[in-house]
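Asks: Can you keep this structure in mind? I'll have questions shortly.
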Protein chains: 4
Amino acid sequence: MAIRASIVGATGLVGECLIRALMGHPQVKIGLLVSDHAAGKNIADLLPPLRGDIDQLTVSATPEEIAKQSDVVFAAKKGSETFAVVPGLLKGGAKVIDIGGEFRFRDAAVYETWYKEPHGCKDLLCETVYGLPELNREQIKGARLVGNPGCYVTSALLALSPLIAENLIELDSIIVDSYSGLSGAGRQYNQKLGNLFTDIDGNMKAYNVGLHRHTPEIEQTLSIVAGKAVTITFVPHVVPIDRGILTTAFARPKAGVNTEKALAAMRNFYTKERAPFVRVLNTPEDVAITNVVRNNYCDVSVSVIERSNTVVVASTLDNLVKGAAGQALQNMNIMFGLDETMGLKGRSL
Amino acid sequence: MAIRASIVGATGLVGECLIRALMGHPQVKIGLLVSDHAAGKNIADLLPPLRGDIDQLTVSATPEEIAKQSDVVFAAKKGSETFAVVPGLLKGGAKVIDIGGEFRFRDAAVYETWYKEPHGCKDLLCETVYGLPELNREQIKGARLVGNPGCYVTSALLALSPLIAENLIELDSIIVDSYSGLSGAGRQYNQKLGNLFTDIDGNMKAYNVGLHRHTPEIEQTLSIVAGKAVTITFVPHVVPIDRGILTTAFARPKAGVNTEKALAAMRNFYTKERAPFVRVLNTPEDVAITNVVRNNYCDVSVSVIERSNTVVVASTLDNLVKGAAGQALQNMNIMFGLDETMGLKGRSL
Amino acid sequence: MAIRASIVGATGLVGECLIRALMGHPQVKIGLLVSDHAAGKNIADLLPPLRGDIDQLTVSATPEEIAKQSDVVFAAKKGSETFAVVPGLLKGGAKVIDIGGEFRFRDAAVYETWYKEPHGCKDLLCETVYGLPELNREQIKGARLVGNPGCYVTSALLALSPLIAENLIELDSIIVDSYSGLSGAGRQYNQKLGNLFTDIDGNMKAYNVGLHRHTPEIEQTLSIVAGKAVTITFVPHVVPIDRGILTTAFARPKAGVNTEKALAAMRNFYTKERAPFVRVLNTPEDVAITNVVRNNYCDVSVSVIERSNTVVVASTLDNLVKGAAGQALQNMNIMFGLDETMGLKGRSL
Amino acid sequence: MAIRASIVGATGLVGECLIRALMGHPQVKIGLLVSDHAAGKNIADLLPPLRGDIDQLTVSATPEEIAKQSDVVFAAKKGSETFAVVPGLLKGGAKVIDIGGEFRFRDAAVYETWYKEPHGCKDLLCETVYGLPELNREQIKGARLVGNPGCYVTSALLALSPLIAENLIELDSIIVDSYSGLSGAGRQYNQKLGNLFTDIDGNMKAYNVGLHRHTPEIEQTLSIVAGKAVTITFVPHVVPIDRGILTTAFARPKAGVNTEKALAAMRNFYTKERAPFVRVLNTPEDVAITNVVRNNYCDVSVSVIERSNTVVVASTLDNLVKGAAGQALQNMNIMFGLDETMGLKGRSL
């Protein structure tokens, strides 16, 4: 019997990508498409690329009503809007995959410090599972509430986890330099960032240097992998592309680590079974955004520059797919005992 | 039993799009991926976005060998290379869908005039079917050799056919002004066109004004629809986008034709049954390239400007999908008696 | 003695381009940079590319105060804001070049119909000169109030005027199909147009089909050139570029008109003396936006397609330069008896 | 009397930018425009944006002939082509500014190792001056042969020199992560890099990781500033923009160094007198490519992230201006005793 999957916040860029993903999933039936501000409109009129593929009205509904018609709900809202619906969804028996940042931190205080607002569901954090399949697959299987990782975070964690797990780099030397397309900023005008076409065409710049919310999220998981506290430097930038993140990370190698060893560690860590969506490439030069745009892969590679004693790690993913909707669907597959790649391999989203 | 589908010329942009389309088609098994210059290499190494999704060597093979392992062959080569394989493929029992321009013209002389080379398979033209499903569905059903329409041509024909069929415009007044992304130029450097990034970023210009090969192809079908010879003006341009064509066509309306009538004619012509991939929108302002990128839809609309007595028609499609690989798959579905939308609806390619 | 030139509306895209132009003009001293919403801030902080080149505070000032410190004022505001300052500027003795649309029409009713607001300075229209130097140089010399032409309009008029003046095309057959970069939309978010990077990257679409305000402005001048009323079809589009307009215009040729004759007419019309900033190129294929970006040239060419009996005219200019600030400076040069090309030839803006 | 300035290699992207710069320089008269492959053609036909601004034939000439008609020659060729002309130019009495990499290294062996070809003018290296005005102004004054710095190199040196000079960072911790537009790759097709529009639109990737020729050039000057050998990590990337480089550099701060101190060091180092083209901005977030496109500025800023103990330095410049032609003109001004900013301030190139 098909899984009934609903979306809260169906009309954003992530929502659109999720709908496309769910439509092509052989075991899913789309449940409710919830959008308070657009309730009653046909989703195909709100998301014109989908005209002809879907014919369904968006609705406004209580968490209880949503839960009644859903086996799983993807929450694609932010902050208080998410806190307002998740408890009711769980109480109503639906599993929840939250694509916002609300359920990514074990410690509510970290959320409150970096997101600058109170955490509205502290009592749920003890059961929340961090939804990075490559590291947490077993816990995800049994979860009813998954916090889907941030887009930059996924690119950083998949780049660095093998090297930390295999003890190949110095933990106090990690720099994550990331470059994101503008779809990461959503459909809203953002004067501070400057996301008009005339702002960003031909342009690049850093933003939130040392202050971006994804910093503690990267640190949380790298610390778990390392078995001790890791603090990193994270600098995000915007670049004139629509979709995709390229991360170039740097670290000091442990003694004796060369490219061959680092690459072997990556390949051992990301076996096909353990990481069906991570592709380890021969060199960082092979890691290019357009190879992952609209698919659920994350491409990674590593090179050790011996003359300057530095490890260079490259990773790339589509912020809307492996960085959001695709990874969420991958988590759903795991939570429902399906083949993890179902509806995701061989597809563009 | 699955249809065995092979591709001759598998490594180009159209080949890549075709492979992606075929991989997700529920009734297809990919046969041979033929590439003379890259034979023996894994297609996933040649087309890095596909790594992990496919694991198959490209081959060099005779038409007979290809035919033996194929129910249908997509020919994605040009000119003499196409003429060299098609007869053998047909003789071997395979159906053929040619994506180049070789089998689009009823009259070999038109091909030879505009393509400036001899037609190598004149004897096959009598049985060739022009593969535009919206007009030729019945003939495509029985065809063993289909000439897949040109990308600009599809955008022009789907824009203008309803208005001509319903006798709403003056036939001697048709202007087709088209704008294409650079994927239309393929993976090769083209000095005359100027397809380096630095040539085209921030740039636009016309090329082949009045001389483009798609001109007689547009005219051939419009003449059939009109029941008399139609000559048009066609001006193609390049614009700094990757995929997609936007066509704005102009014509003088017959007396009494207004927006309402013209739009109604379009809607009547493109019923869901007759045209599952043509979406008639309310105004030309709604016709935007990104709504059709990577899908098989062609969006069209029309407006009559009464003060200047001119019909403005807009259409858009993805040159690699509805303008090439997607339409080819649509033709395959029809030729094999499948649901015409199989493997194409609800998908990105 | 230097001409004191002030700008009302100094912080917009046109204002920025004007400041750059004025800074490099050998006979100009920048007067007041007026900006009500940003008064008191250093212009270099508001327009960061200019840091180091200019160090001047923006001010809020009455028209009288502005006039006192200015020989000429460039008005780069819209509608009522322009009507509120122009009379006072003139009364105070300053010449005015209005870059908005307020003083382009001889007939206030046309303005009111197309701009949907009352014309606030009807009494000034009788002395207003339309600032297209290639047609109106003599009148501009003596003007104290010049209406600087619209960007699309300049591209259309420079493309079509020679052909109409020489009686080479049918007046009832003119179609102007134009494509503009996003700087035409200014620095503001425009939800209807969709000028976020994610809206327009990889995208193109028409807007205001048959309704754009530049339509009557094109018609007004073409009618003067023709000596009788001309009605045209004008369709503007947005394309993913920052600066520049490409116009492809179509018309039916008079009997006997071929490419050679049409091109000769253009070359005769645009002699170096009469049109130092119009470059007539050999074919429409040579007309490319990047050749005019940031300079004051308009490139034009023409081709007659005899098989379809259609004239194709191409023109391109930078909407902020020849389409706004550069043309305004050219008008200033003429109004003050300077070499028309001063501060404009050999420069990027 | 005007300085006669000639260009060897006049038709490339740097040559075009140089011509534009020279045309607007009040003390320069353009001498010979040398291009062996295009000799006899009008430069305005080869570089269409310059049509109307210049009317001069390119020539083929011996170094002696060039020298006879030149006070200074800009050499914009590579490797052996440069070595073949420079001695003759000097012998003939012309000063030479080499924009290629041939005269940037004190040690010919470094050139030969990284450029993989013999150095053809070793005897000239003892008198060569490295043309970074902010560090070497006094030596440039007396030079007759200047090696103009690399584009990435200039961005890295201007970012890091103040921090090293003031002893604020650990020398063994320097990482230079740079992102360049495609004009850095010139007008030629480069299959390895992938500089077709379809290769790079929507894409980013690293290249020559740890191997780029600009690495030893950065190290050479930083070592001089530091007074001891410095080895760095340098990773260049391509991004889908036309012009501009953004460099984000990282280093470990010395004890007690915070943002305030680092920024003060930068401001002290780059006084207006010492660095008329370096603009120190308040935060790395203010450093954006479009602020320097087509001008000769390099914008820099620095932030110390105390929680992760890392210095983040940002710099940006236009690779064709401050990274090539503009800096070359700045060097010419210094060599001829002119105001260093002549023809460069307040201009777009």
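Order determines the names: the first chain of the structure tokens is A, the second B, and so forth; residues in each chain are numbered 1 upward, and ligands are numbered 1 upward as they are shown.
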Quick one: pick out all alpha helix (DSSP H) residues within segment 73-273 of chain C from a backbone DSSP run and write them as an MDAnalysis selection string.
Replies: chainID C and resid 80:91 108:115 133:141 151:165 197:200 214:226 259:269
Asks: Residues of chain B within 10 Å of chain D, counting only C-alpha atoms, what are they? List them as a list in words.
Replies: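 That gives the following set of residues: Leu13, Gly181, Leu182, Ser183, Gly184, Ala185, Gly186, Arg187, Gln188, Tyr189, Asn190, Gln191, Gly194, Asn195, Leu196, Phe197, Thr198, Asp199, Ile200, Asp201, Gly202, Pro240, Ile241, Asp242 and Arg243 of chain B.
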Asks: What's around segment 204-213 of chain A at 7 Å? Count only C-alpha atoms, leave out sequence neighbours fewer than 4 positions away in its own chain, and write the answer as a list in words.
Replies: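 So, after excluding close chain neighbours, the residues are Trp114, Tyr115, Ile200, Thr233, Phe234, Val235, Pro236, His237, Val238, Val239 and Pro240 of chain A; Pro284, Glu285, Val287, Ala288, Ile289 and Ile305 of chain D.
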Asks: Could those residues be written to a file, using N, CA and C atoms, as a PDB file, in the first residue's frame?
Replies:
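Result file follows (part_30.pdb):
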```pdb
ATOM      1  N   TRP A 114      22.222  30.346  17.866  1.00  0.00           N
ATOM      2  CA  TRP A 114      22.553  30.627  16.471  1.00  0.00           C
ATOM      3  C   TRP A 114      21.340  31.064  15.654  1.00  0.00           C
ATOM      4  N   TYR A 115      20.141  30.587  16.036  1.00  0.00           N
ATOM      5  CA  TYR A 115      18.940  30.961  15.280  1.00  0.00           C
ATOM      6  C   TYR A 115      18.210  32.134  15.925  1.00  0.00           C
ATOM      7  N   ILE A 200      23.599  40.015  -8.572  1.00  0.00           N
ATOM      8  CA  ILE A 200      24.440  38.821  -8.466  1.00  0.00           C
ATOM      9  C   ILE A 200      25.020  38.358  -9.799  1.00  0.00           C
ATOM     10  N   THR A 233      36.185  26.592  10.871  1.00  0.00           N
ATOM     11  CA  THR A 233      35.926  27.882  10.240  1.00  0.00           C
ATOM     12  C   THR A 233      35.047  27.624   9.023  1.00  0.00           C
ATOM     13  N   PHE A 234      33.934  28.331   8.950  1.00  0.00           N
ATOM     14  CA  PHE A 234      33.031  28.147   7.812  1.00  0.00           C
ATOM     15  C   PHE A 234      32.714  29.492   7.188  1.00  0.00           C
ATOM     16  N   VAL A 235      32.995  29.618   5.896  1.00  0.00           N
ATOM     17  CA  VAL A 235      32.714  30.867   5.177  1.00  0.00           C
ATOM     18  C   VAL A 235      31.851  30.563   3.951  1.00  0.00           C
ATOM     19  N   PRO A 236      30.593  30.972   3.971  1.00  0.00           N
ATOM     20  CA  PRO A 236      29.733  30.761   2.796  1.00  0.00           C
ATOM     21  C   PRO A 236      29.799  31.966   1.849  1.00  0.00           C
ATOM     22  N   HIS A 237      29.612  31.689   0.589  1.00  0.00           N
ATOM     23  CA  HIS A 237      29.589  32.730  -0.440  1.00  0.00           C
ATOM     24  C   HIS A 237      28.389  32.494  -1.361  1.00  0.00           C
ATOM     25  N   VAL A 238      27.948  33.562  -2.022  1.00  0.00           N
ATOM     26  CA  VAL A 238      26.975  33.401  -3.112  1.00  0.00           C
ATOM     27  C   VAL A 238      27.676  33.560  -4.455  1.00  0.00           C
ATOM     28  N   VAL A 239      27.235  32.776  -5.410  1.00  0.00           N
ATOM     29  CA  VAL A 239      27.783  32.833  -6.772  1.00  0.00           C
ATOM     30  C   VAL A 239      26.636  32.841  -7.771  1.00  0.00           C
ATOM     31  N   PRO A 240      26.871  33.360  -8.972  1.00  0.00           N
ATOM     32  CA  PRO A 240      25.771  33.520  -9.935  1.00  0.00           C
ATOM     33  C   PRO A 240      25.371  32.221 -10.623  1.00  0.00           C
TER      34      PRO A 240
ATOM     35  N   PRO D 284      34.756  41.481   5.141  1.00  0.00           N
ATOM     36  CA  PRO D 284      34.846  40.658   3.922  1.00  0.00           C
ATOM     37  C   PRO D 284      33.524  40.580   3.168  1.00  0.00           C
ATOM     38  N   GLU D 285      32.413  40.742   3.857  1.00  0.00           N
ATOM     39  CA  GLU D 285      31.112  40.706   3.175  1.00  0.00           C
ATOM     40  C   GLU D 285      30.973  41.864   2.187  1.00  0.00           C
ATOM     41  N   VAL D 287      33.279  42.858   0.179  1.00  0.00           N
ATOM     42  CA  VAL D 287      34.192  42.637  -0.950  1.00  0.00           C
ATOM     43  C   VAL D 287      33.462  41.833  -2.023  1.00  0.00           C
ATOM     44  N   ALA D 288      33.069  42.495  -3.103  1.00  0.00           N
ATOM     45  CA  ALA D 288      32.230  41.865  -4.127  1.00  0.00           C
ATOM     46  C   ALA D 288      32.792  42.207  -5.505  1.00  0.00           C
ATOM     47  N   ILE D 289      32.803  41.221  -6.360  1.00  0.00           N
ATOM     48  CA  ILE D 289      33.463  41.380  -7.655  1.00  0.00           C
ATOM     49  C   ILE D 289      32.940  42.568  -8.461  1.00  0.00           C
ATOM     50  N   ILE D 305      38.102  35.327  13.021  1.00  0.00           N
ATOM     51  CA  ILE D 305      37.078  34.525  13.685  1.00  0.00           C
ATOM     52  C   ILE D 305      37.722  33.950  14.937  1.00  0.00           C
TER      53      ILE D 305
END
```
Asks: Skip Leu329 of chain D itself and residues of its chain fewer than 5 positions away, then list as a ChimeraX atom specification all residues within 12 Å of it, counting only C-alpha atoms.
Replies: /D:3,5-7,14-15,17-25,27-28,72-74,96-99,131-133,146,148,296,320-324,334-336,338-345,349
Asks: Please identify all polymer residues within 7 Å of segment 244-258 of chain B, counting only C-alpha atoms, omitting same-chain residues fewer than 3 positions from it, and present them as a ChimeraX atom specification.
Replies: /B:155-156,168-170,173-181,261-262,289,293,304,309-319
Asks: Generate a file of the selected residues that holds N, CA and C atoms, formatted as a CSV table (one decimal), in the first residue's frame.
Replies:
```csv
chain,number,residue,atom,x,y,z
B,155,SER,N,9.1,24.3,-32.0
B,155,SER,CA,8.5,25.4,-31.3
B,155,SER,C,7.7,26.3,-32.3
B,156,ALA,N,8.1,26.4,-33.5
B,156,ALA,CA,7.3,27.2,-34.5
B,156,ALA,C,6.0,26.5,-34.9
B,168,LEU,N,-6.9,31.5,-39.3
B,168,LEU,CA,-7.0,32.7,-38.5
B,168,LEU,C,-6.0,33.8,-38.9
B,169,ILE,N,-5.0,33.3,-39.7
B,169,ILE,CA,-3.9,34.3,-40.0
B,169,ILE,C,-3.6,34.3,-41.5
B,170,GLU,N,-3.1,35.4,-42.0
B,170,GLU,CA,-2.7,35.6,-43.4
B,170,GLU,C,-1.4,34.8,-43.6
B,173,SER,N,2.3,36.4,-44.1
B,173,SER,CA,2.7,37.4,-43.1
B,173,SER,C,3.5,36.8,-42.0
B,174,ILE,N,3.9,35.6,-42.1
B,174,ILE,CA,4.4,34.9,-40.9
B,174,ILE,C,5.9,35.1,-40.6
B,175,ILE,N,6.2,35.6,-39.4
B,175,ILE,CA,7.5,35.8,-39.0
B,175,ILE,C,7.8,35.0,-37.7
B,176,VAL,N,8.9,34.2,-37.7
B,176,VAL,CA,9.2,33.4,-36.6
B,176,VAL,C,10.6,33.9,-36.0
B,177,ASP,N,10.5,34.5,-34.8
B,177,ASP,CA,11.7,35.1,-34.2
B,177,ASP,C,12.1,34.2,-33.0
B,178,SER,N,13.2,33.5,-33.1
B,178,SER,CA,13.5,32.5,-32.1
B,178,SER,C,14.8,32.8,-31.4
B,179,TYR,N,14.9,32.3,-30.2
B,179,TYR,CA,16.0,32.5,-29.3
B,179,TYR,C,16.4,31.2,-28.6
B,180,SER,N,17.6,30.8,-28.8
B,180,SER,CA,18.0,29.5,-28.3
B,180,SER,C,19.1,29.5,-27.3
B,181,GLY,N,19.1,28.7,-26.4
B,181,GLY,CA,20.3,28.4,-25.5
B,181,GLY,C,21.4,27.7,-26.2
B,261,LYS,N,-10.7,34.5,-29.7
B,261,LYS,CA,-10.9,33.5,-30.8
B,261,LYS,C,-9.6,32.7,-31.0
B,262,ALA,N,-8.5,33.4,-31.0
B,262,ALA,CA,-7.2,32.8,-31.3
B,262,ALA,C,-6.9,31.8,-30.2
B,289,ILE,N,10.8,30.2,-20.4
B,289,ILE,CA,11.6,29.0,-20.7
B,289,ILE,C,11.8,28.1,-19.5
B,293,VAL,N,12.1,23.7,-19.0
B,293,VAL,CA,13.5,23.2,-19.0
B,293,VAL,C,13.5,21.8,-18.3
B,304,VAL,N,-3.8,38.8,-29.6
B,304,VAL,CA,-4.0,39.6,-30.8
B,304,VAL,C,-4.0,41.1,-30.4
B,309,ASN,N,-3.1,45.5,-35.4
B,309,ASN,CA,-3.5,44.4,-36.3
B,309,ASN,C,-2.5,43.3,-36.5
B,310,THR,N,-2.0,42.8,-35.3
B,310,THR,CA,-1.0,41.7,-35.4
B,310,THR,C,-1.3,40.6,-34.3
B,311,VAL,N,-1.1,39.4,-34.8
B,311,VAL,CA,-1.1,38.3,-33.8
B,311,VAL,C,0.3,38.0,-33.3
B,312,VAL,N,0.4,37.9,-32.0
B,312,VAL,CA,1.6,37.5,-31.4
B,312,VAL,C,1.5,36.2,-30.7
B,313,VAL,N,2.3,35.2,-31.2
B,313,VAL,CA,2.3,33.9,-30.6
B,313,VAL,C,3.6,33.6,-29.9
B,314,ALA,N,3.5,33.0,-28.7
B,314,ALA,CA,4.7,32.7,-28.0
B,314,ALA,C,4.7,31.2,-27.8
B,315,SER,N,5.9,30.6,-27.9
B,315,SER,CA,6.1,29.2,-27.5
B,315,SER,C,7.4,28.9,-26.9
B,316,THR,N,7.5,27.9,-26.1
B,316,THR,CA,8.8,27.6,-25.5
B,316,THR,C,8.9,26.1,-25.2
B,317,LEU,N,10.1,25.6,-25.4
B,317,LEU,CA,10.4,24.2,-25.1
B,317,LEU,C,11.8,24.0,-24.8
B,318,ASP,N,12.2,22.9,-24.3
B,318,ASP,CA,13.6,22.6,-24.1
B,318,ASP,C,14.1,21.9,-25.3
B,319,ASN,N,15.1,22.5,-25.9
B,319,ASN,CA,15.6,22.0,-27.2
B,319,ASN,C,16.2,20.6,-27.1
```
Asks: DSSP on the backbone, then: every residue of segment 136-321 of chain C marked strand (DSSP E or B), written as a ChimeraX atom specification.
Replies: /C:145-147,169,175-180,196,205-206,233-238,245-251,253,278-280,298-305,310-317
Asks: Please provide the set of residues having any atom within 9 Å of Val153 of chain D, restricted to only C-alpha atoms, with same-chain residues fewer than 6 positions apart removed, written as a PDB file with all heavy atoms, in the first residue's frame.
Replies:
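Output file selection.pdb follows:
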```pdb
ATOM      1  N   HIS D 214      50.846  30.261 -10.569  1.00  0.00           N
ATOM      2  CA  HIS D 214      50.857  31.461  -9.744  1.00  0.00           C
ATOM      3  C   HIS D 214      51.307  31.165  -8.313  1.00  0.00           C
ATOM      4  O   HIS D 214      51.612  32.086  -7.555  1.00  0.00           O
ATOM      5  CB  HIS D 214      49.483  32.134  -9.768  1.00  0.00           C
ATOM      6  CG  HIS D 214      49.204  32.861 -11.049  1.00  0.00           C
ATOM      7  ND1 HIS D 214      48.055  33.578 -11.285  1.00  0.00           N
ATOM      8  CD2 HIS D 214      49.947  33.006 -12.182  1.00  0.00           C
ATOM      9  CE1 HIS D 214      48.081  34.112 -12.502  1.00  0.00           C
ATOM     10  NE2 HIS D 214      49.216  33.766 -13.065  1.00  0.00           N
ATOM     11  N   THR D 215      51.367  29.899  -7.949  1.00  0.00           N
ATOM     12  CA  THR D 215      51.790  29.526  -6.586  1.00  0.00           C
ATOM     13  C   THR D 215      53.178  30.060  -6.248  1.00  0.00           C
ATOM     14  O   THR D 215      53.342  30.780  -5.249  1.00  0.00           O
ATOM     15  CB  THR D 215      51.740  27.992  -6.433  1.00  0.00           C
ATOM     16  OG1 THR D 215      50.475  27.510  -6.874  1.00  0.00           O
ATOM     17  CG2 THR D 215      51.983  27.581  -4.991  1.00  0.00           C
ATOM     18  N   GLU D 217      54.830  32.333  -7.588  1.00  0.00           N
ATOM     19  CA  GLU D 217      54.885  33.792  -7.708  1.00  0.00           C
ATOM     20  C   GLU D 217      54.333  34.459  -6.436  1.00  0.00           C
ATOM     21  O   GLU D 217      54.871  35.464  -5.965  1.00  0.00           O
ATOM     22  CB  GLU D 217      54.100  34.224  -8.955  1.00  0.00           C
ATOM     23  CG  GLU D 217      54.326  35.680  -9.338  1.00  0.00           C
ATOM     24  CD  GLU D 217      53.432  36.112 -10.503  1.00  0.00           C
ATOM     25  OE1 GLU D 217      53.016  35.263 -11.335  1.00  0.00           O
ATOM     26  OE2 GLU D 217      53.130  37.315 -10.564  1.00  0.00           O
ATOM     27  N   ILE D 218      53.253  33.885  -5.915  1.00  0.00           N
ATOM     28  CA  ILE D 218      52.737  34.393  -4.633  1.00  0.00           C
ATOM     29  C   ILE D 218      53.797  34.201  -3.547  1.00  0.00           C
ATOM     30  O   ILE D 218      54.094  35.108  -2.765  1.00  0.00           O
ATOM     31  CB  ILE D 218      51.432  33.655  -4.239  1.00  0.00           C
ATOM     32  CG1 ILE D 218      50.325  33.915  -5.267  1.00  0.00           C
ATOM     33  CG2 ILE D 218      50.981  34.066  -2.842  1.00  0.00           C
ATOM     34  CD1 ILE D 218      49.087  33.029  -5.092  1.00  0.00           C
ATOM     35  N   GLY D 323      44.492  43.175 -12.517  1.00  0.00           N
ATOM     36  CA  GLY D 323      45.215  41.918 -12.692  1.00  0.00           C
ATOM     37  C   GLY D 323      46.002  41.839 -13.987  1.00  0.00           C
ATOM     38  O   GLY D 323      46.649  40.833 -14.252  1.00  0.00           O
TER      39      GLY D 323
END
```
Asks: Restricting the calculation to only C-alpha atoms: of A:Asn333, A:Gln327, A:Thr113, A:Asn42, which residue gets closest to Thr154 of chain A?
Replies: A:Gln327
Asks: Within 10 Å of segment 120-123 of chain C, counting only C-alpha atoms, which residues qualify if same-chain residues fewer than 5 places away don't, as an NGL selection string?
Replies: :C and (79-84 or 86-87 or 102-103 or 106-109 or 112 or 128)
Asks: Given the choices C:Arg4, C:His37, C:Arg294, C:Arg267, which gets closest to Lys95 of chain C if the distance is worked out from only C-alpha atoms?
Replies: C:Arg4
